[in-house]
Structure formats: C-alpha cells, structure tokens
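Source file: target_4.cif. Holds: mmCIF, C-alpha atoms.
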```cif
data_data
#
loop_
_atom_site.label_atom_id
_atom_site.label_comp_id
_atom_site.auth_asym_id
_atom_site.auth_seq_id
_atom_site.Cartn_x
_atom_site.Cartn_y
_atom_site.Cartn_z
CA MET G 1 -101.06 9.42 46.06
CA THR G 2 -101.05 7.85 42.60
CA LEU G 3 -98.11 5.85 41.26
CA ILE G 4 -97.57 5.86 37.48
CA GLY G 5 -95.32 3.00 36.36
CA LEU G 6 -93.75 3.05 32.87
CA ASP G 7 -91.48 0.75 30.89
CA ASP G 8 -90.32 -0.21 27.40
CA SER G 9 -90.83 3.01 25.45
CA ASP G 10 -87.34 3.28 23.91
CA SER G 11 -85.57 1.61 21.02
CA ARG G 12 -82.01 0.37 20.52
CA GLU G 13 -81.85 1.87 17.03
CA ARG G 14 -84.24 4.82 17.18
CA GLY G 15 -83.22 6.14 20.58
CA MET G 16 -85.68 7.74 23.00
CA CYS G 17 -85.45 7.00 26.70
CA THR G 18 -88.08 5.98 29.22
CA THR G 19 -86.65 8.53 31.68
CA TYR G 20 -87.59 11.24 29.15
CA LEU G 21 -91.09 9.82 28.86
CA ALA G 22 -91.41 9.97 32.66
CA VAL G 23 -90.26 13.60 32.66
CA ARG G 24 -92.84 14.47 30.01
CA VAL G 25 -95.55 12.68 32.02
CA ALA G 26 -94.49 14.65 35.10
CA ALA G 27 -94.72 17.91 33.11
CA ALA G 28 -98.22 17.00 31.93
CA VAL G 29 -99.25 16.15 35.49
CA ARG G 30 -98.13 19.59 36.67
CA ALA G 31 -99.88 21.27 33.74
CA ALA G 32 -103.08 19.50 34.81
CA GLY G 33 -102.78 20.96 38.33
CA GLY G 34 -101.17 17.99 40.02
CA THR G 35 -97.92 17.82 41.96
CA VAL G 36 -95.04 15.39 41.54
CA GLU G 37 -93.46 14.14 44.76
CA ARG G 38 -90.64 12.18 43.17
CA LEU G 39 -89.41 10.43 40.03
CA VAL G 40 -88.16 6.87 40.59
CA LEU G 41 -85.69 5.18 38.23
CA ALA G 42 -85.42 1.43 38.82
CA ARG G 43 -82.70 -0.59 37.09
CA LEU G 44 -83.97 -4.12 36.64
CA ASN G 45 -82.16 -7.40 35.93
CA PRO G 46 -79.30 -6.48 33.55
CA ALA G 47 -79.31 -10.01 32.12
CA VAL G 48 -82.83 -9.81 30.66
CA GLU G 49 -82.84 -10.47 26.91
CA HIS G 50 -85.52 -7.94 25.91
CA LYS G 51 -83.85 -4.81 27.22
CA THR G 52 -82.08 -1.73 26.05
CA ARG G 53 -78.75 -0.96 27.65
CA GLY G 54 -79.75 0.04 31.19
CA ASN G 55 -83.05 -1.87 31.56
CA ALA G 56 -84.71 1.07 33.30
CA ALA G 57 -88.30 1.27 34.50
CA LEU G 58 -89.79 4.52 35.80
CA CYS G 59 -92.42 5.64 38.27
CA VAL G 60 -93.97 9.08 38.76
CA HIS G 61 -95.33 9.67 42.28
CA THR G 62 -98.15 12.23 42.08
CA ASP G 63 -101.38 13.37 43.74
CA LEU G 64 -103.38 13.34 40.50
CA ALA G 65 -106.45 11.12 40.35
CA THR G 66 -105.89 7.72 38.74
CA ASP G 67 -108.25 8.23 35.78
CA GLU G 68 -106.60 11.50 34.81
CA ALA G 69 -103.13 10.05 35.44
CA LEU G 70 -103.86 7.13 33.10
CA SER G 71 -105.24 9.43 30.40
CA ILE G 72 -102.20 11.74 30.55
CA THR G 73 -99.77 8.83 30.46
CA ARG G 74 -101.46 7.20 27.49
CA GLU G 75 -101.20 10.46 25.58
CA ALA G 76 -97.49 10.74 26.46
CA VAL G 77 -96.80 7.18 25.33
CA ASP G 78 -98.56 7.84 22.03
CA ALA G 79 -96.54 11.03 21.55
CA PHE G 80 -93.07 9.90 22.61
CA ALA G 81 -92.69 6.09 22.71
CA GLU G 82 -90.87 4.47 19.76
CA THR G 83 -93.75 2.13 18.98
CA ASP G 84 -92.73 1.89 15.30
CA ASP G 85 -89.99 -0.46 16.51
CA PRO G 86 -91.62 -3.92 16.84
CA ARG G 87 -89.36 -4.66 19.81
CA THR G 88 -90.77 -1.69 21.74
CA ASN G 89 -93.82 -2.78 23.73
CA PRO G 90 -94.75 -0.10 26.30
CA GLY G 91 -96.60 -0.83 29.51
CA ILE G 92 -98.39 1.53 31.90
CA VAL G 93 -99.55 0.72 35.43
CA VAL G 94 -101.44 3.34 37.46
CA ALA G 95 -101.78 2.48 41.15
CA PRO G 96 -103.64 4.44 43.82
CA GLY G 97 -102.38 4.48 47.40
CA GLU G 98 -99.76 5.99 49.67
CA THR G 99 -97.64 2.83 49.48
CA ALA G 100 -97.34 -0.27 47.33
CA PRO G 101 -98.51 -3.52 48.96
CA GLU G 102 -95.91 -6.09 49.93
CA PRO G 103 -96.64 -8.48 46.99
CA VAL G 104 -95.88 -5.64 44.58
CA VAL G 105 -92.73 -4.63 46.48
CA ALA G 106 -91.61 -8.27 46.45
CA PHE G 107 -92.24 -8.36 42.69
CA SER G 108 -90.02 -5.27 42.34
CA ARG G 109 -87.18 -6.91 44.26
CA ARG G 110 -87.42 -10.05 42.15
CA ALA G 111 -87.42 -8.02 38.92
CA VAL G 112 -83.89 -6.85 39.72
CA ARG G 113 -82.56 -10.41 40.06
CA GLU G 114 -84.86 -12.75 38.14
CA HIS G 115 -86.64 -13.23 34.80
CA LEU G 116 -90.36 -12.51 35.22
CA VAL G 117 -93.20 -12.99 32.76
CA ARG G 118 -96.07 -10.77 31.68
CA ALA G 119 -98.72 -13.26 32.89
CA GLU G 120 -97.53 -12.92 36.49
CA ALA G 121 -97.37 -9.13 36.20
CA GLU G 122 -100.93 -9.02 34.85
CA ALA G 123 -102.17 -11.31 37.63
CA ARG G 124 -100.61 -9.09 40.29
CA ILE G 125 -101.96 -5.96 38.61
CA ASP G 126 -105.47 -7.44 38.64
CA ALA G 127 -105.14 -8.64 42.24
CA ALA G 128 -104.12 -5.15 43.36
CA GLY G 129 -106.93 -3.50 41.39
CA TYR G 130 -104.56 -1.31 39.39
CA ARG G 131 -105.38 0.37 36.09
CA HIS G 132 -103.10 -0.52 33.20
CA ALA G 133 -102.57 -0.14 29.47
CA GLY G 134 -100.08 -1.30 26.89
CA ARG G 135 -99.00 -1.23 23.28
CA GLY G 136 -97.84 -4.12 21.12
CA ASN G 137 -97.52 -7.22 23.29
CA ALA G 138 -97.38 -4.97 26.40
CA ARG G 139 -94.24 -6.67 27.72
CA GLY G 140 -93.48 -3.34 29.43
CA LEU G 141 -96.16 -4.15 32.04
CA ILE G 142 -93.51 -6.24 33.86
CA GLY G 143 -91.18 -3.29 34.36
CA ALA G 144 -94.04 -0.84 34.92
CA LEU G 145 -95.33 -2.89 37.85
CA ALA G 146 -91.79 -3.32 39.18
CA ALA G 147 -91.37 0.45 39.05
CA VAL G 148 -94.57 0.95 41.09
CA GLY G 149 -93.08 -0.93 44.03
CA ALA G 150 -89.47 0.13 43.52
CA TRP G 151 -89.37 3.05 45.97
CA TRP G 152 -90.17 0.67 48.84
CA ALA G 153 -87.81 -1.99 47.50
CA PHE G 154 -84.75 0.30 47.49
CA ASP G 155 -82.44 -0.52 50.40
CA ASP G 156 -79.74 2.00 49.47
CA PRO G 157 -81.17 4.78 47.25
CA THR G 158 -78.89 6.89 45.08
CA TYR G 159 -79.63 9.77 42.71
CA GLU G 160 -79.20 10.76 39.08
CA HIS G 161 -79.62 14.24 37.64
CA ILE G 162 -80.39 13.93 33.92
CA SER G 163 -80.24 16.81 31.43
CA TYR G 164 -82.00 16.48 28.07
CA ARG G 165 -81.20 17.84 24.62
CA GLU G 166 -83.31 20.18 22.57
CA ALA G 167 -85.39 18.18 20.08
CA GLU G 168 -83.75 19.58 16.96
CA ARG G 169 -80.27 18.55 18.17
CA ARG G 170 -81.06 14.89 18.78
CA GLY G 171 -79.23 12.59 16.44
CA THR G 172 -76.29 15.00 16.11
CA PRO G 173 -73.01 14.85 18.06
CA ARG G 174 -73.40 16.09 21.62
CA GLU G 175 -71.63 19.34 22.45
CA VAL G 176 -70.18 18.97 25.96
CA ASP G 177 -67.03 20.79 27.06
CA HIS G 178 -64.45 18.20 28.12
CA ASP G 179 -62.49 20.39 30.55
CA SER G 180 -65.51 21.78 32.39
CA LEU G 181 -66.95 18.27 32.71
CA PHE G 182 -63.75 16.85 34.22
CA ALA G 183 -63.46 19.85 36.56
CA ALA G 184 -67.08 19.41 37.68
CA ALA G 185 -66.54 15.67 38.18
CA ASP G 186 -63.46 16.27 40.35
CA TRP G 187 -65.36 18.91 42.35
CA GLY G 188 -68.24 16.52 43.08
CA TYR G 189 -66.23 13.34 43.74
CA PRO G 190 -66.81 11.11 45.68
CA ASP G 191 -70.42 12.20 46.39
CA ALA G 192 -70.93 12.11 42.62
CA TRP G 193 -69.26 9.10 40.98
CA ASP G 194 -68.78 7.58 37.54
CA THR G 195 -69.09 11.00 35.91
CA VAL G 196 -65.80 10.58 34.03
CA ASP G 197 -63.06 7.97 33.64
CA HIS G 198 -59.63 9.52 34.22
CA GLY G 199 -57.76 6.41 33.08
CA GLU G 200 -59.51 6.34 29.70
CA ASN G 201 -60.08 10.12 29.48
CA ALA G 202 -63.76 9.32 28.89
CA MET G 203 -66.85 11.46 29.55
CA VAL G 204 -68.80 8.61 31.12
CA CYS G 205 -71.93 10.62 31.93
CA VAL G 206 -72.40 11.58 28.26
CA PRO G 207 -74.08 8.75 26.32
CA HIS G 208 -73.10 7.71 22.83
CA ALA G 209 -76.39 6.13 21.78
CA PRO G 210 -79.06 8.15 19.97
CA GLY G 211 -81.66 9.65 22.26
CA PRO G 212 -82.65 12.74 24.20
CA ILE G 213 -80.15 12.54 27.10
CA LEU G 214 -77.32 15.10 27.08
CA HIS G 215 -75.70 13.90 30.31
CA GLY G 216 -76.62 12.10 33.52
CA VAL G 217 -74.74 12.65 36.79
CA ARG G 218 -75.02 9.92 39.44
CA GLY G 219 -74.18 9.98 43.11
CA ASP G 220 -75.18 9.74 46.75
CA ASP G 221 -76.14 13.38 47.33
CA PRO G 222 -78.97 14.94 45.29
CA ASP G 223 -77.64 18.46 45.78
CA VAL G 224 -74.15 17.47 44.61
CA VAL G 225 -75.30 15.69 41.43
CA ARG G 226 -77.43 18.70 40.56
CA ALA G 227 -74.54 21.08 41.19
CA VAL G 228 -72.14 18.98 39.10
CA ALA G 229 -74.58 19.07 36.18
CA GLU G 230 -74.90 22.85 36.48
CA ARG G 231 -71.11 23.24 36.30
CA ILE G 232 -70.87 21.43 32.94
CA GLU G 233 -70.58 23.73 29.91
CA SER G 234 -72.57 22.34 27.01
CA GLU G 235 -75.17 22.89 24.33
CA PRO G 236 -78.53 24.22 25.62
CA VAL G 237 -80.53 21.96 27.93
CA GLU G 238 -84.20 21.52 27.05
CA ARG G 239 -85.17 20.27 30.51
CA ALA G 240 -83.66 18.41 33.46
CA ALA G 241 -84.87 16.19 36.29
CA LEU G 242 -83.68 14.46 39.43
CA PHE G 243 -84.40 10.75 39.89
CA VAL G 244 -84.06 8.56 42.97
CA THR G 245 -82.61 5.22 41.87
CA ASN G 246 -81.09 1.88 42.77
CA GLN G 247 -78.06 2.59 40.57
CA GLY G 248 -74.65 1.87 42.02
CA THR G 249 -76.03 -0.51 44.66
CA ASP G 250 -75.28 -4.09 43.49
CA ALA G 251 -78.97 -4.85 44.05
CA HIS G 252 -78.76 -7.35 41.17
CA LEU G 253 -76.21 -9.59 42.93
CA ARG G 254 -77.19 -12.63 44.94
CA ASP G 255 -74.97 -14.87 47.05
CA GLY G 256 -74.51 -18.27 45.48
CA THR G 257 -72.19 -21.13 44.66
CA ILE G 258 -70.65 -22.21 41.38
CA ALA G 259 -72.53 -25.51 41.53
CA THR G 260 -75.96 -23.88 41.88
CA SER G 261 -75.57 -20.77 39.71
CA GLU G 262 -77.82 -20.28 36.67
CA ASP G 263 -77.58 -18.33 33.44
CA GLY G 264 -79.37 -14.99 33.34
CA ARG G 265 -78.67 -14.08 36.95
CA SER G 266 -75.89 -12.19 38.72
CA TYR G 267 -73.92 -13.55 41.66
CA ARG G 268 -71.24 -13.23 44.28
CA LEU G 269 -69.27 -16.48 44.12
CA ASP G 270 -66.31 -17.71 46.17
CA GLY G 271 -63.58 -19.93 44.77
CA ARG G 272 -59.96 -20.53 44.01
CA VAL G 273 -58.19 -19.71 40.73
CA ALA G 274 -57.75 -23.04 38.95
CA THR G 275 -56.08 -22.05 35.66
CA PRO G 276 -53.67 -19.28 34.67
CA PRO G 277 -55.43 -16.23 33.16
CA GLU G 278 -55.41 -16.50 29.36
CA THR G 279 -55.76 -13.60 26.94
CA ARG G 280 -57.77 -14.71 23.93
CA GLN G 281 -58.61 -13.23 20.55
CA GLY G 282 -60.10 -9.77 20.91
CA GLY G 283 -58.21 -9.06 24.13
CA HIS G 284 -60.65 -10.90 26.41
CA VAL G 285 -59.11 -12.54 29.50
CA PHE G 286 -60.41 -15.85 30.90
CA PHE G 287 -59.61 -18.08 33.85
CA GLU G 288 -61.32 -20.96 35.66
CA LEU G 289 -62.60 -20.62 39.22
CA ASP G 290 -62.95 -23.77 41.34
CA ASP G 291 -65.09 -24.39 44.42
CA GLU G 292 -64.84 -27.92 45.81
CA GLY G 293 -64.64 -29.44 42.34
CA ALA G 294 -67.27 -27.27 40.67
CA THR G 295 -65.69 -24.92 38.13
CA MET G 296 -66.79 -21.87 36.19
CA ALA G 297 -65.13 -19.72 33.56
CA CYS G 298 -64.69 -16.07 34.52
CA ALA G 299 -64.09 -13.42 31.88
CA ALA G 300 -62.86 -9.82 31.76
CA PHE G 301 -63.88 -8.62 28.31
CA GLU G 302 -61.97 -6.07 26.25
CA PRO G 303 -64.28 -3.11 27.14
CA THR G 304 -63.18 -3.45 30.78
CA LYS G 305 -59.80 -2.03 29.67
CA ARG G 306 -57.20 -1.79 32.46
CA PHE G 307 -59.24 -4.07 34.73
CA ARG G 308 -57.90 -6.92 32.60
CA ASP G 309 -54.40 -6.27 33.98
CA ARG G 310 -55.76 -6.99 37.46
CA VAL G 311 -57.15 -10.27 36.18
CA ARG G 312 -53.93 -11.17 34.37
CA ALA G 313 -52.08 -10.74 37.68
CA LEU G 314 -53.99 -13.63 39.27
CA GLN G 315 -52.26 -16.97 39.86
CA ILE G 316 -53.42 -20.51 40.45
CA GLY G 317 -54.38 -20.89 44.10
CA ASP G 318 -55.49 -17.30 44.73
CA GLU G 319 -58.74 -17.24 46.71
CA LEU G 320 -61.40 -14.87 45.35
CA THR G 321 -64.92 -13.58 45.57
CA VAL G 322 -66.12 -12.75 42.05
CA CYS G 323 -69.18 -10.71 41.07
CA GLY G 324 -71.04 -10.56 37.79
CA GLU G 325 -73.68 -11.95 35.45
CA VAL G 326 -73.58 -15.60 34.43
CA SER G 327 -74.21 -16.17 30.73
CA ASP G 328 -73.59 -19.40 28.82
CA GLY G 329 -71.85 -20.77 31.90
CA THR G 330 -69.36 -17.90 32.09
CA LEU G 331 -69.30 -15.18 34.74
CA LYS G 332 -68.77 -11.71 33.26
CA LEU G 333 -66.60 -10.01 35.85
CA GLU G 334 -67.78 -6.69 37.30
CA LYS G 335 -65.51 -6.77 40.34
CA PHE G 336 -63.60 -9.27 42.44
CA ALA G 337 -62.10 -9.47 45.91
CA VAL G 338 -58.75 -11.11 46.58
CA ARG G 339 -59.26 -13.03 49.82
CA ASP G 340 -55.86 -14.74 49.92
CA LEU G 341 -52.84 -14.54 47.62
CA VAL G 342 -50.30 -17.20 46.80
CA THR G 343 -47.04 -15.63 47.99
CA THR G 344 -44.58 -18.51 47.64
CA GLU G 345 -43.69 -21.12 45.04
CA ARG G 346 -41.66 -24.33 45.14
CA VAL G 347 -38.51 -24.07 43.04
CA VAL G 348 -35.42 -26.11 42.29
CA PRO G 349 -32.85 -25.22 44.97
CA ALA G 350 -29.73 -23.20 44.19
CA CYS G 351 -26.29 -24.44 45.14
CA PRO G 352 -25.16 -22.65 48.34
CA ASP G 353 -21.59 -22.57 47.05
CA CYS G 354 -21.81 -21.42 43.43
CA GLY G 355 -25.40 -20.18 43.24
CA ARG G 356 -26.29 -22.21 40.16
CA SER G 357 -29.54 -24.22 40.00
CA MET G 358 -29.10 -27.82 41.05
CA GLU G 359 -30.13 -30.72 38.81
CA SER G 360 -32.21 -33.77 39.58
CA ALA G 361 -30.22 -36.56 41.15
CA GLY G 362 -32.78 -39.15 40.01
CA ARG G 363 -36.29 -40.08 40.98
CA GLY G 364 -36.75 -39.65 44.71
CA GLN G 365 -33.10 -38.70 45.24
CA GLY G 366 -33.42 -34.92 45.46
CA TYR G 367 -31.13 -32.46 43.67
CA ARG G 368 -27.35 -32.16 43.25
CA CYS G 369 -24.91 -29.53 42.00
CA ARG G 370 -22.73 -31.30 39.47
CA ARG G 371 -19.99 -28.69 39.85
CA CYS G 372 -19.72 -28.53 43.64
CA GLY G 373 -21.19 -31.84 44.69
CA THR G 374 -23.65 -30.25 47.11
CA SER G 375 -27.11 -31.75 47.42
CA ALA G 376 -30.64 -30.95 48.62
CA PRO G 377 -33.50 -33.32 49.46
CA GLY G 378 -36.11 -31.56 47.28
CA LYS G 379 -37.59 -28.31 46.04
CA VAL G 380 -37.64 -25.31 48.37
CA GLU G 381 -40.16 -22.54 49.09
CA GLN G 382 -39.39 -19.15 47.55
CA SER G 383 -41.24 -15.86 48.04
CA ILE G 384 -42.73 -14.30 44.91
CA GLU G 385 -43.59 -10.70 44.15
CA ARG G 386 -47.28 -10.02 43.43
CA ASP G 387 -48.85 -7.08 41.63
CA LEU G 388 -52.07 -7.53 43.61
CA GLU G 389 -53.02 -6.94 47.23
CA ARG G 390 -55.88 -8.32 49.25
CA GLY G 391 -59.11 -6.44 48.71
CA TRP G 392 -61.62 -5.43 46.05
CA TYR G 393 -60.86 -4.54 42.42
CA GLU G 394 -63.42 -3.21 39.94
CA VAL G 395 -63.95 -2.44 36.27
CA PRO G 396 -63.30 1.23 35.39
CA PRO G 397 -66.19 3.72 35.25
CA CYS G 398 -66.34 3.52 31.44
CA ALA G 399 -67.27 -0.18 31.70
CA ARG G 400 -69.49 -0.16 34.78
CA ARG G 401 -73.10 -1.27 34.63
CA HIS G 402 -75.63 1.23 35.90
CA ILE G 403 -76.63 -0.98 38.83
CA ALA G 404 -73.10 -2.12 39.83
CA LYS G 405 -71.76 -0.54 43.01
CA PRO G 406 -68.57 1.53 42.70
CA LEU G 407 -65.99 0.74 45.35
CA VAL G 408 -65.77 4.41 46.32
CA ARG G 409 -69.27 4.14 47.83
CA GLY G 410 -67.86 1.98 50.63
CA GLY G 411 -69.53 -0.71 52.69
CA PHE G 412 -67.33 -3.52 51.39
CA ASP G 413 -65.91 -6.30 53.57
CA ALA G 414 -62.26 -5.81 52.60
CA PRO G 415 -59.95 -2.96 51.56
CA VAL G 416 -60.93 -1.34 48.26
CA HIS G 417 -58.89 -0.24 45.25
CA PRO G 418 -61.26 2.16 43.46
CA GLU G 419 -60.98 3.16 39.81
CA ARG G 420 -61.59 6.77 38.73
#
```
Let me see the file written as structure tokens.
Amino acid sequence: MTLIGLDDSDSRERGMCTTYLAVRVAAAVRAAGGTVERLVLARLNPAVEHKTRGNAALCVHTDLATDEALSITREAVDAFAETDDPRTNPGIVVAPGETAPEPVVAFSRRAVREHLVRAEAEARIDAAGYRHAGRGNARGLIGALAAVGAWWAFDDPTYEHISYREAERRGTPREVDHDSLFAAADWGYPDAWDTVDHGENAMVCVPHAPGPILHGVRGDDPDVVRAVAERIESEPVERAALFVTNQGTDAHLRDGTIATSEDGRSYRLDGRVATPPETRQGGHVFFELDDEGATMACAAFEPTKRFRDRVRALQIGDELTVCGEVSDGTLKLEKFAVRDLVTTERVVPACPDCGRSMESAGRGQGYRCRRCGTSAPGKVEQSIERDLERGWYEVPPCARRHIAKPLVRGGFDAPVHPER
C-alpha cells in the first residue's frame, strides 16, 4: 500500500478545496491502473492560525508504487492548488507500507490538539524514509504527514459524502432545491446529521464559500450519507466521493482545568458560574466560570444563534462542564453540560397575615411587617423556576465546527438536548 498525504492547497479568497485535490489524485491513480482503497479526511486543530475554515488534511490509500504516486500527485497540485495565493503552501507526503508507524500516528493525534511546526514534520518524514514535496514554504507538510497516520489515529470514524460542481459553475450561486434537501435530511436523520438546521431554516451541508463543493453530507453510516446525497435535487454533479473522517467526534477536546488551560487549544473544563450572563454589543453573550479561584470568560458568539438563550438562562452557582477553544483567555463555547442547577434563592420573607414583603428591623434584628407587627429572624429559601435542565446543550448545526460532536451521536455522560 502507498499512502498519499496532502494539505494546504486551497485559498480563503480563491476557493478550491483539498478534498477536491484528493479526489482528482484518486482519479489519476485509477487512470494509471492503480486502485484506491479509501479516502481519508482528517480535521486538524481548529485553533491553528494558518488554516482555512475546516483545517482539513487528506490521504489517498492506494496500491500504486511510491514513485508514480508522487509524480501523479505533483502534477495534480500543479494543476489544481491555488498556489497564486501566497498563503497557500501545499505539502505532499508519499509513504509506503500497509500501516503508518506509531511515531507518525502519534503525530497525527497531536495535530488535532496541538500546534506543530514544519521542522518536526520534516524530521519525522526523514526518519520514516518517506518521499515528500512542497510548494512555497511547504507548511502543508505538517498536515500531509498528519493525514498519513490519520486512519490509525481515528478512534470513532465517521463519513462524509461530498458532491462537486461542474467547473464552469464555480463562483456562481449554488442551485440546490431546498425542499428536497430538507426531505432527504429528515429521511437520513440521525444516521446522517448536520445536513440542515431546522431552527434557522439553513441548508448546512451547502457551503457559502467559493470552491468546487456543491454539498457534503456527514454521518455515521456510509450508505446513508450516500443515499441522502442522491436524494437531493440540484444542479449537475461533476463527481462525488466518500471520505472516512474524524468529523463529529470531539477529537480536538482535551480534559483540563481553568488554571492550566492555554490559548490555541480546545478543552473540557469544569467550573461554577461566577457572574450573570451578559449580552454585549453584537449579540455576544459572556459569563465567568470559576474553579477553585481560577476564572475564565466563556462566550457564546452571535453566530451560535438560539444557543445563546441557553447561556442566558444560566445563573450564578450553576455547575457546568464547558467545551470549546480557548483564545485570548476566553473559551468559545461549542457545548456545555449542566451538572447541577441552583433551584432556590434567599428572599425577604412575606408576612403570613397580609402577604406583603417584610422590611428590615435593623442590623441583625431580622425582618418585621410594619402593618401587622409580625416578624421573621432572616431571609427564607424560595424555589425558583429554571428554563434549563441537567444535561448537555449544544450550538445549532449552522454553527457547529466540523470536528465537534453532535449530541445526537450519543455517548455522553448526561442526558442530551440535541439541536436539529
């Protein structure tokens, strides 16, 4: 087997997509007489600065000889990569062998959670005896090597079926029938997830950015995601492919504490709400989370839409587990679990005779009803209604990161309240 790793061929402004490059490499492999066993789509650390939206790296698993595989891939990069953009720096790694060695698999796991550098990638490539090539500063070698080991690093593989536009249509509005897409999404749910967002009436699987993708359907069952895609009425499809991925797995999250968390990484953190949620300019909602005196700001930004109402319903004292990327000392919420809710509050007592609120009788002297003369020694506990329950809450599909795990997939340690 030969593993062809690819990364950094697309551009934020000019479009393209490394998944499309991988599909074209796979087509060239088949045209040369080789077979393709699988296409692997690895989502790497979403907090990396030099990334396009999904931070994807790709690997083509084939039986073609390494020399021919490298030649074909170089030609594809020259033909399709957006190398006119100075921020696009493709990398290619071609690795022989039935499996990736453990140091490469470990590198792949770290690439999902850490910031890695090209020098380390090059050292590991040389140590493994892999062939490689690059353009520009070849920063894409990091993701290309991570993609080589990704198949063995996946603990919970999922699938995406991606359909691509005809070349002459790219850059024009996508023609996808809304009703057929929503019907297909409902038919495939929950085995196919995040296809649409019912709450926002959004076609989530249809991208807005320039590029060759028409739509991408994600899920747990490869047959279901393919069938959902086939049910969508749209403009003609140039080609389509199925990828095995780490999307929807939370592979980017690590367990941590507020005191030890670092920028540029994603965490699960436990704590207690320390300040009332505050809606700031732009509609962003912030609150402080406290863990034994260490505090961190948590934010639900405007694009998370109705999720912000869940955050606004929090109160001081609620115990949470929060998940998301830490940036500039603030955790960008992707989901949170309510572990314990404050259900009572201390209030000024009411007079048992007339029902009116009592008034202070003086420092340390309790409360007194001036009308009836009744008294009480202090404030009393009163139950409060809450708009939240214990369990997990998540951002809606329209705001979900590719790698973040939807609640509908299950496997969580508390009841879930999924968004559709």
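Of the residues under consideration (G:Phe301, G:Phe412, G:Tyr164, G:Phe336), G:Phe336 shows the shortest atom-to-atom contact distance to Leu388 in chain G when counting all atoms listed in the file.
With all atoms listed in the file as the basis for measurement, G:Val105 is the residue among G:Val105, G:Ile4, G:Cys354, G:Ala300 that approaches Phe154 in chain G most closely.
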(Q) Between G:Gly5, G:Gly324, G:Pro303, G:Pro207, which residue has the minimum interatomic distance to Arg268 in chain G, considering only C-alpha atoms? (A) G:Gly324
**Q.** Distance in Å - CA of Ala81 in chain G versus CA of Asp10 in chain G
**A.**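 Computing the Euclidean distance for CA of Ala81 in chain G and CA of Asp10 in chain G yields 6.2 Å.
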Q | Nearest to Ala202 in chain G, chosen from G:Trp392, G:Phe182, G:Phe80, G:Trp151, with all atoms listed in the file counted in the distances | A |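 Between G:Trp392, G:Phe182, G:Phe80, G:Trp151, the residue approaching Ala202 in chain G most closely is G:Phe182.
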Q. Could you state the separation of CA of Thr245 in chain G and CA of Pro397 in chain G in Å, given to one decimal place?
A.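 CA of Pro397 in chain G lies at a distance of 17.8 Å from CA of Thr245 in chain G.
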Translate the PyMOL selection byres ((chain G and resi 326) around 12) into a concrete residue list for this structure, as a PDB file with C-alpha atoms, in the frame of the given file.
```pdb
ATOM      1  CA  ASN G  45     -82.160  -7.400  35.930  1.00  0.00           C
ATOM      2  CA  PRO G  46     -79.300  -6.480  33.550  1.00  0.00           C
ATOM      3  CA  ALA G  47     -79.310 -10.010  32.120  1.00  0.00           C
ATOM      4  CA  VAL G  48     -82.830  -9.810  30.660  1.00  0.00           C
ATOM      5  CA  ARG G 113     -82.560 -10.410  40.060  1.00  0.00           C
ATOM      6  CA  HIS G 252     -78.760  -7.350  41.170  1.00  0.00           C
ATOM      7  CA  LEU G 253     -76.210  -9.590  42.930  1.00  0.00           C
ATOM      8  CA  ARG G 254     -77.190 -12.630  44.940  1.00  0.00           C
ATOM      9  CA  GLY G 256     -74.510 -18.270  45.480  1.00  0.00           C
ATOM     10  CA  THR G 257     -72.190 -21.130  44.660  1.00  0.00           C
ATOM     11  CA  ILE G 258     -70.650 -22.210  41.380  1.00  0.00           C
ATOM     12  CA  THR G 260     -75.960 -23.880  41.880  1.00  0.00           C
ATOM     13  CA  SER G 261     -75.570 -20.770  39.710  1.00  0.00           C
ATOM     14  CA  GLU G 262     -77.820 -20.280  36.670  1.00  0.00           C
ATOM     15  CA  ASP G 263     -77.580 -18.330  33.440  1.00  0.00           C
ATOM     16  CA  GLY G 264     -79.370 -14.990  33.340  1.00  0.00           C
ATOM     17  CA  ARG G 265     -78.670 -14.080  36.950  1.00  0.00           C
ATOM     18  CA  SER G 266     -75.890 -12.190  38.720  1.00  0.00           C
ATOM     19  CA  TYR G 267     -73.920 -13.550  41.660  1.00  0.00           C
ATOM     20  CA  ARG G 268     -71.240 -13.230  44.280  1.00  0.00           C
ATOM     21  CA  LEU G 269     -69.270 -16.480  44.120  1.00  0.00           C
ATOM     22  CA  MET G 296     -66.790 -21.870  36.190  1.00  0.00           C
ATOM     23  CA  ALA G 297     -65.130 -19.720  33.560  1.00  0.00           C
ATOM     24  CA  CYS G 298     -64.690 -16.070  34.520  1.00  0.00           C
ATOM     25  CA  ALA G 299     -64.090 -13.420  31.880  1.00  0.00           C
ATOM     26  CA  VAL G 322     -66.120 -12.750  42.050  1.00  0.00           C
ATOM     27  CA  CYS G 323     -69.180 -10.710  41.070  1.00  0.00           C
ATOM     28  CA  GLY G 324     -71.040 -10.560  37.790  1.00  0.00           C
ATOM     29  CA  GLU G 325     -73.680 -11.950  35.450  1.00  0.00           C
ATOM     30  CA  SER G 327     -74.210 -16.170  30.730  1.00  0.00           C
ATOM     31  CA  ASP G 328     -73.590 -19.400  28.820  1.00  0.00           C
ATOM     32  CA  GLY G 329     -71.850 -20.770  31.900  1.00  0.00           C
ATOM     33  CA  THR G 330     -69.360 -17.900  32.090  1.00  0.00           C
ATOM     34  CA  LEU G 331     -69.300 -15.180  34.740  1.00  0.00           C
ATOM     35  CA  LYS G 332     -68.770 -11.710  33.260  1.00  0.00           C
ATOM     36  CA  LEU G 333     -66.600 -10.010  35.850  1.00  0.00           C
ATOM     37  CA  GLU G 334     -67.780  -6.690  37.300  1.00  0.00           C
TER      38      GLU G 334
END
```
Q.
the PyMOL selection byres ((chain G and resi 195-199) around 12) - which residues does that actually catch in the file I just gave you? List them as an MDAnalysis selection string.
A. chainID G and resid 160:162 178:194 200:207 215:219 224:225 228:229 232 304:307 395:400 402 406 418:420
